[in-house]
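Here is the file query-v7.cif (mmCIF, C-alpha atoms).
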```cif
data_input
#
loop_
_atom_site.label_atom_id
_atom_site.label_comp_id
_atom_site.auth_asym_id
_atom_site.auth_seq_id
_atom_site.Cartn_x
_atom_site.Cartn_y
_atom_site.Cartn_z
CA MET A 23 87.00 153.29 89.38
CA SER A 24 85.24 151.12 91.94
CA GLN A 25 87.81 149.28 94.08
CA ILE A 26 88.59 151.30 97.19
CA THR A 27 89.78 150.83 100.75
CA SER A 28 88.75 152.86 103.79
CA GLU A 29 89.71 152.86 107.46
CA TRP A 30 90.35 154.96 110.54
CA VAL A 31 93.91 156.30 110.74
CA GLN A 32 95.69 158.30 113.43
CA LEU A 33 97.36 161.66 112.81
CA GLU A 34 100.62 162.62 114.49
CA ASN A 35 98.83 164.78 117.06
CA GLY A 36 96.70 161.82 118.15
CA LEU A 37 93.54 162.87 116.31
CA ARG A 38 91.87 160.14 114.33
CA ALA A 39 90.67 160.59 110.76
CA TRP A 40 88.58 158.59 108.32
CA TYR A 41 90.65 157.76 105.24
CA ALA A 42 89.44 156.39 101.91
CA ARG A 43 91.56 155.72 98.82
CA PRO A 44 91.52 153.92 95.50
CA ALA A 45 92.85 150.39 95.91
CA ASP A 46 95.59 150.73 93.29
CA VAL A 47 99.00 152.24 94.01
CA GLY A 48 98.46 155.57 92.24
CA PRO A 49 99.71 158.16 92.89
CA HIS A 50 96.39 159.94 93.25
CA PRO A 51 95.32 163.51 93.98
CA ALA A 52 93.88 163.95 97.46
CA VAL A 53 91.17 165.91 99.27
CA LEU A 54 90.97 167.11 102.87
CA ILE A 55 87.30 167.03 103.95
CA PHE A 56 85.80 169.18 106.71
CA ILE A 57 82.63 167.91 108.38
CA GLU A 58 79.36 169.62 109.10
CA ALA A 59 78.15 170.02 112.69
CA PHE A 60 77.08 166.39 113.25
CA GLY A 61 80.50 164.69 113.31
CA VAL A 62 82.21 162.07 111.17
CA ASN A 63 79.07 160.01 110.72
CA ALA A 64 78.17 157.44 108.06
CA HIS A 65 77.36 160.23 105.60
CA PHE A 66 80.85 161.71 105.79
CA GLN A 67 82.46 158.31 105.58
CA ASP A 68 80.41 157.86 102.41
CA VAL A 69 81.51 161.25 101.02
CA ALA A 70 85.14 160.18 101.42
CA GLN A 71 84.40 156.85 99.77
CA ARG A 72 82.65 158.58 96.87
CA LEU A 73 85.77 160.64 96.29
CA ALA A 74 87.89 157.49 96.46
CA ARG A 75 85.70 155.87 93.80
CA ALA A 76 86.29 158.98 91.68
CA GLY A 77 90.06 158.51 91.98
CA TYR A 78 90.98 160.65 95.00
CA CYS A 79 92.48 159.85 98.36
CA ALA A 80 90.23 161.51 100.94
CA ILE A 81 90.82 162.24 104.61
CA VAL A 82 88.24 163.46 107.16
CA PRO A 83 89.74 164.70 110.46
CA ASP A 84 87.50 163.78 113.40
CA LEU A 85 87.13 167.26 114.86
CA TYR A 86 84.55 165.92 117.34
CA HIS A 87 86.86 163.19 118.73
CA GLY A 88 84.49 160.30 118.18
CA LYS A 89 81.24 162.10 118.97
CA THR A 90 78.42 162.13 116.42
CA TYR A 91 74.88 163.50 116.60
CA GLU A 92 71.64 162.50 114.97
CA TYR A 93 70.40 165.03 112.42
CA SER A 94 67.33 165.49 114.62
CA ASP A 95 69.55 166.53 117.55
CA PHE A 96 70.39 169.94 116.12
CA ASN A 97 70.82 171.69 119.47
CA SER A 98 73.48 169.27 120.71
CA ALA A 99 75.35 169.45 117.41
CA ILE A 100 75.40 173.25 117.49
CA ALA A 101 76.49 173.24 121.13
CA HIS A 102 79.48 171.10 120.14
CA LEU A 103 80.22 173.33 117.17
CA LYS A 104 80.47 176.29 119.55
CA THR A 105 83.31 174.59 121.44
CA LEU A 106 85.58 174.43 118.40
CA ASN A 107 88.57 176.77 118.22
CA ASP A 108 89.52 177.96 114.74
CA ALA A 109 93.25 177.88 115.44
CA VAL A 110 93.06 174.31 116.76
CA VAL A 111 91.01 173.18 113.75
CA MET A 112 93.56 174.71 111.39
CA GLN A 113 96.33 172.87 113.26
CA ASP A 114 94.35 169.64 112.89
CA ALA A 115 94.04 170.44 109.18
CA HIS A 116 97.81 170.85 108.99
CA MET A 117 98.24 167.42 110.57
CA ALA A 118 95.84 165.88 108.05
CA ILE A 119 97.63 167.51 105.11
CA GLN A 120 100.94 166.28 106.50
CA ALA A 121 99.52 162.76 106.80
CA LEU A 122 98.45 162.87 103.15
CA GLN A 123 101.87 164.09 102.06
CA GLN A 124 103.53 161.18 103.85
CA ARG A 125 101.52 158.52 102.00
CA ALA A 126 103.08 156.93 98.93
CA GLU A 127 99.75 156.75 97.07
CA VAL A 128 99.19 160.54 97.30
CA ARG A 129 100.42 163.14 94.84
CA LYS A 130 102.00 165.73 97.12
CA ASP A 131 101.42 168.53 94.60
CA ALA A 132 97.71 167.79 94.11
CA ILE A 133 95.83 168.24 97.39
CA GLY A 134 92.54 170.08 97.66
CA THR A 135 89.93 170.72 100.33
CA LEU A 136 86.15 170.26 100.55
CA GLY A 137 83.83 171.37 103.34
CA PHE A 138 80.12 171.43 104.21
CA CYS A 139 78.27 173.87 106.50
CA MET A 140 80.74 174.71 109.31
CA GLY A 141 83.24 172.70 107.25
CA GLY A 142 82.71 175.04 104.30
CA ARG A 143 83.98 177.86 106.47
CA TYR A 144 86.99 175.75 107.45
CA ALA A 145 87.69 174.91 103.80
CA PHE A 146 87.63 178.67 103.10
CA MET A 147 90.06 179.28 105.98
CA ALA A 148 92.37 176.41 105.03
CA ASN A 149 92.60 177.75 101.49
CA ALA A 150 94.27 180.81 103.01
CA ILE A 151 96.13 179.51 106.04
CA HIS A 152 97.46 176.43 104.24
CA ALA A 153 97.61 178.01 100.81
CA GLU A 154 101.07 176.61 100.10
CA HIS A 155 99.71 173.05 100.25
CA LEU A 156 96.29 173.31 98.57
CA ARG A 157 95.51 173.50 94.86
CA ALA A 158 91.68 173.60 94.89
CA ALA A 159 88.92 174.36 97.38
CA VAL A 160 85.17 173.71 97.45
CA ALA A 161 82.69 174.92 100.08
CA PHE A 162 79.08 173.74 100.23
CA TYR A 163 76.92 176.29 102.10
CA GLY A 164 79.78 177.41 104.30
CA GLY A 165 78.17 179.08 107.30
CA GLY A 166 79.92 181.90 109.14
CA ILE A 167 82.24 183.06 106.35
CA ALA A 168 80.85 186.59 106.24
CA PRO A 169 77.78 186.84 108.50
CA ASP A 170 76.03 190.00 109.63
CA GLN A 171 75.73 188.38 113.03
CA ASP A 172 76.48 184.68 113.33
CA SER A 173 74.04 182.74 115.51
CA VAL A 174 76.86 180.68 117.04
CA GLY A 175 79.27 183.55 117.57
CA ARG A 176 81.75 182.94 114.77
CA LYS A 177 83.69 185.86 113.33
CA SER A 178 83.89 186.73 109.65
CA VAL A 179 86.93 185.27 107.89
CA LEU A 180 86.87 187.62 104.91
CA HIS A 181 90.12 189.17 106.15
CA LEU A 182 91.77 186.01 104.80
CA ALA A 183 90.73 186.73 101.20
CA ASP A 184 94.11 188.23 100.30
CA GLN A 185 95.82 185.00 101.41
CA MET A 186 93.66 182.71 99.26
CA GLY A 187 95.83 180.46 97.16
CA ALA A 188 93.71 178.01 95.18
CA PRO A 189 90.68 178.49 92.94
CA LEU A 190 87.56 178.35 95.09
CA LEU A 191 84.11 176.96 94.30
CA LEU A 192 81.27 178.15 96.55
CA LEU A 193 77.89 176.38 96.41
CA TYR A 194 74.73 177.73 98.06
CA GLY A 195 71.01 177.07 98.20
CA ALA A 196 68.67 179.93 97.36
CA GLU A 197 66.34 178.87 100.20
CA ASP A 198 69.09 178.74 102.85
CA GLN A 199 67.70 180.80 105.72
CA SER A 200 71.06 180.92 107.53
CA ILE A 201 73.16 182.30 104.64
CA THR A 202 71.57 185.32 103.00
CA PRO A 203 72.11 186.81 99.52
CA GLY A 204 73.84 189.67 101.32
CA GLU A 205 76.47 187.25 102.59
CA HIS A 206 76.98 185.91 99.07
CA GLY A 207 77.59 189.49 97.99
CA ARG A 208 80.10 190.24 100.75
CA ILE A 209 82.08 187.10 99.92
CA ALA A 210 82.11 187.87 96.20
CA THR A 211 83.13 191.48 96.82
CA ALA A 212 86.04 190.48 99.06
CA LEU A 213 87.33 187.80 96.69
CA SER A 214 86.99 190.01 93.63
CA ALA A 215 88.74 192.90 95.39
CA ALA A 216 91.57 190.52 96.31
CA GLY A 217 91.86 189.40 92.69
CA LYS A 218 91.14 185.73 93.46
CA ARG A 219 89.79 183.01 91.18
CA TYR A 220 86.40 181.84 92.42
CA THR A 221 83.01 180.63 91.26
CA LEU A 222 79.85 181.20 93.33
CA THR A 223 76.77 179.19 92.38
CA VAL A 224 73.27 179.33 93.88
CA PHE A 225 70.76 176.51 93.42
CA PRO A 226 67.09 177.61 93.21
CA GLY A 227 64.76 175.84 95.62
CA ALA A 228 67.58 174.34 97.68
CA PRO A 229 67.80 174.88 101.47
CA HIS A 230 70.81 174.61 103.75
CA GLY A 231 72.15 171.05 103.82
CA PHE A 232 70.85 170.18 100.35
CA PHE A 233 73.75 167.79 99.66
CA ALA A 234 73.30 165.49 102.68
CA ASP A 235 71.09 162.62 101.57
CA PRO A 236 70.19 161.44 105.14
CA ARG A 237 68.70 164.86 105.95
CA ASP A 238 65.23 166.19 105.27
CA SER A 239 66.91 169.11 103.52
CA PHE A 240 68.33 166.82 100.80
CA ARG A 241 67.55 167.94 97.27
CA PRO A 242 68.66 165.28 94.76
CA ASP A 243 68.96 167.51 91.70
CA ALA A 244 70.99 170.20 93.45
CA ALA A 245 73.12 167.57 95.19
CA GLN A 246 73.87 165.77 91.94
CA GLU A 247 74.79 168.95 90.10
CA GLY A 248 76.82 170.24 93.03
CA TRP A 249 78.80 166.98 93.11
CA ARG A 250 79.40 167.15 89.36
CA LEU A 251 80.68 170.72 89.69
CA THR A 252 82.89 169.62 92.58
CA LEU A 253 84.46 166.77 90.63
CA ASP A 254 84.91 169.04 87.59
CA HIS A 255 86.67 171.58 89.82
CA PHE A 256 88.97 168.98 91.33
CA THR A 257 89.72 167.39 87.94
CA ARG A 258 90.68 170.76 86.51
CA TYR A 259 92.92 171.88 89.35
CA LEU A 260 94.14 168.62 90.92
CA GLY A 261 94.29 166.45 87.81
CA ALA A 262 93.44 162.78 87.47
CA SER A 263 94.85 159.64 89.05
CA ALA A 264 97.98 158.14 87.56
#
```
Let me see whether you can do it: turn the structure in this file into structure tokens.
Amino acid sequence: MSQITSEWVQLENGLRAWYARPADVGPHPAVLIFIEAFGVNAHFQDVAQRLARAGYCAIVPDLYHGKTYEYSDFNSAIAHLKTLNDAVVMQDAHMAIQALQQRAEVRKDAIGTLGFCMGGRYAFMANAIHAEHLRAAVAFYGGGIAPDQDSVGRKSVLHLADQMGAPLLLLYGAEDQSITPGEHGRIATALSAAGKRYTLTVFPGAPHGFFADPRDSFRPDAAQEGWRLTLDHFTRYLGASA
């Protein structure tokens, strides 16, 4: 599938979101995307469009309200990340899910979530807090899910494991200096103890941010395989376009 449309849309709470969809009427499964710390930049617009070309409607809430940062401006991006409030982000996620459910081209019973870096943590949270609406979840190197001590002050969200609704795919790089093997273990222990369906995969030689092709951390092989696993996960649990 190659014909898609994409545009900025406005959610009911006034937040804007980038929205990409297949051009035909569908209905199609849909994915709520959570950004990394640099905003809804060209890369995240492209991620949504890639999903649209694969047959999904994809929405990216603009949690930074129009602000984006260069990948070289790490300090400013992290400073903005620190201002986010988890409860507000989850309310924004609710608004985005609601917006998807109101669109005729979206299958209301086939919505998933996908997040990267800080967005991986939010995808993990949404899979619990909005469990009644989500059927699949994927988190690429989700930072702050179960840290020993998070560098930006975020609290562990492992207490949400019991509330997890959808099968969860977790993707990590073995060379990620910000997410240790110990954190992988804590996440796996919590999800297994809660009796949840999950897959945790680690890519050798891959650092944090290995999926983002504009970044120096990009690793093509890991990114390609991670994307294939993501689409396989969504196909299995969300189904295909009509």
Test item: residues at most 10 Å from Asn35 of chain A, all atoms listed in the file, excluding those fewer than 4 positions along its chain, as JSON, numbers by chain: {"A": [113, 114, 117, 118]}
Between atom CA of Ala121 of chain A and atom CA of Pro44 of chain A, distance in Å (one decimal): 16.4 Å
Cut-off 12 Å around (87.5, 176.1, 115.9) with all atoms listed in the file: residues as a PyMOL selection string: chain A and resi 56+59+85-86+102-115+140-141+143-144+147-148+166+174-177
Could you write out that same residue set with C-alpha atoms as a JSON list (two decimals), in the coordinates of the input?
```
[["chain", "number", "residue", "atom", "x", "y", "z"],
["A", 56, "PHE", "CA", 85.80, 169.18, 106.71],
["A", 59, "ALA", "CA", 78.15, 170.02, 112.69],
["A", 85, "LEU", "CA", 87.13, 167.26, 114.86],
["A", 86, "TYR", "CA", 84.55, 165.92, 117.34],
["A", 102, "HIS", "CA", 79.48, 171.10, 120.14],
["A", 103, "LEU", "CA", 80.22, 173.33, 117.17],
["A", 104, "LYS", "CA", 80.47, 176.29, 119.55],
["A", 105, "THR", "CA", 83.31, 174.59, 121.44],
["A", 106, "LEU", "CA", 85.58, 174.43, 118.40],
["A", 107, "ASN", "CA", 88.57, 176.77, 118.22],
["A", 108, "ASP", "CA", 89.52, 177.96, 114.74],
["A", 109, "ALA", "CA", 93.25, 177.88, 115.44],
["A", 110, "VAL", "CA", 93.06, 174.31, 116.76],
["A", 111, "VAL", "CA", 91.01, 173.18, 113.75],
["A", 112, "MET", "CA", 93.56, 174.71, 111.39],
["A", 113, "GLN", "CA", 96.33, 172.87, 113.26],
["A", 114, "ASP", "CA", 94.35, 169.64, 112.89],
["A", 115, "ALA", "CA", 94.04, 170.44, 109.18],
["A", 140, "MET", "CA", 80.74, 174.71, 109.31],
["A", 141, "GLY", "CA", 83.24, 172.70, 107.25],
["A", 143, "ARG", "CA", 83.98, 177.86, 106.47],
["A", 144, "TYR", "CA", 86.99, 175.75, 107.45],
["A", 147, "MET", "CA", 90.06, 179.28, 105.98],
["A", 148, "ALA", "CA", 92.37, 176.41, 105.03],
["A", 166, "GLY", "CA", 79.92, 181.90, 109.14],
["A", 174, "VAL", "CA", 76.86, 180.68, 117.04],
["A", 175, "GLY", "CA", 79.27, 183.55, 117.57],
["A", 176, "ARG", "CA", 81.75, 182.94, 114.77],
["A", 177, "LYS", "CA", 83.69, 185.86, 113.33]]
```
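Protein, DNA and RNA residues at most 9 Å from (61.7, 178.3, 92.8), with all atoms listed in the file, are these: A:Ala196, A:Glu197, A:Pro226, A:Gly227, A:Ala228.
Residues selected in this file by the PyMOL selection byres ((chain A and resi 31) around 10) comprise Ser28, Glu29, Trp30, Gln32, Leu33, Glu34, Gly36, Leu37, Arg38, Ala39, Trp40, Tyr41, Ala42, Ile81, Val82, Pro83 and Ala121 of chain A.
Each of A:His50, A:Arg208, A:Lys89, A:His255 was checked against Val179 of chain A using only C-alpha atoms; the smallest atom-to-atom distance is that of A:Arg208.
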Nearest candidate to Gly77 of chain A (options A:His116, A:Arg129, A:His65, A:Arg219; using only C-alpha atoms): A:Arg129
Output check: residues returned by the PyMOL selection byres ((chain A and resi 237-253) around 8), as a PyMOL selection string: chain A and resi 93+160+191+193+225+228-236+254-257
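The gap separating atom CA of Asp46 of chain A from atom CA of Thr27 of chain A is 9.5 Å, in Å to one decimal.
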Exercise: Ile201 of chain A partners within 8 Å, all atoms listed in the file, chain neighbours under 6 positions left out, as an MDAnalysis selection string: chainID A and resid 163 165 169
Among the residues A:Ala126, A:Ala76, A:Ala183, A:Ala132, the one that comes closest to Ala150 of chain A [using only C-alpha atoms]: A:Ala183
Distance criterion (all atoms listed in the file): nearest to Glu127 of chain A out of A:Tyr91, A:Phe96, A:Phe146, A:Tyr78: A:Tyr78
Among listed residues A:Asp68, A:Ile167, A:Pro189, A:Asn97, nearest Thr221 of chain A (using only C-alpha atoms): A:Pro189
Proximity to Val53 of chain A - best of A:Ala74, A:Ala159, A:Ile133, A:Val128, all atoms listed in the file: A:Ile133
Straight-line distance linking atom CA of Asp170 of chain A with atom CA of Leu192 of chain A, stated in Å to one decimal: 18.4 Å
Neighbour list for Ala158 of chain A as a list of chain:residue names, cut-off 6 Å, all atoms listed in the file, skip fewer than 2 positions in-chain: A:Gly134, A:Leu156, A:Ala188, A:Pro189, A:Tyr259
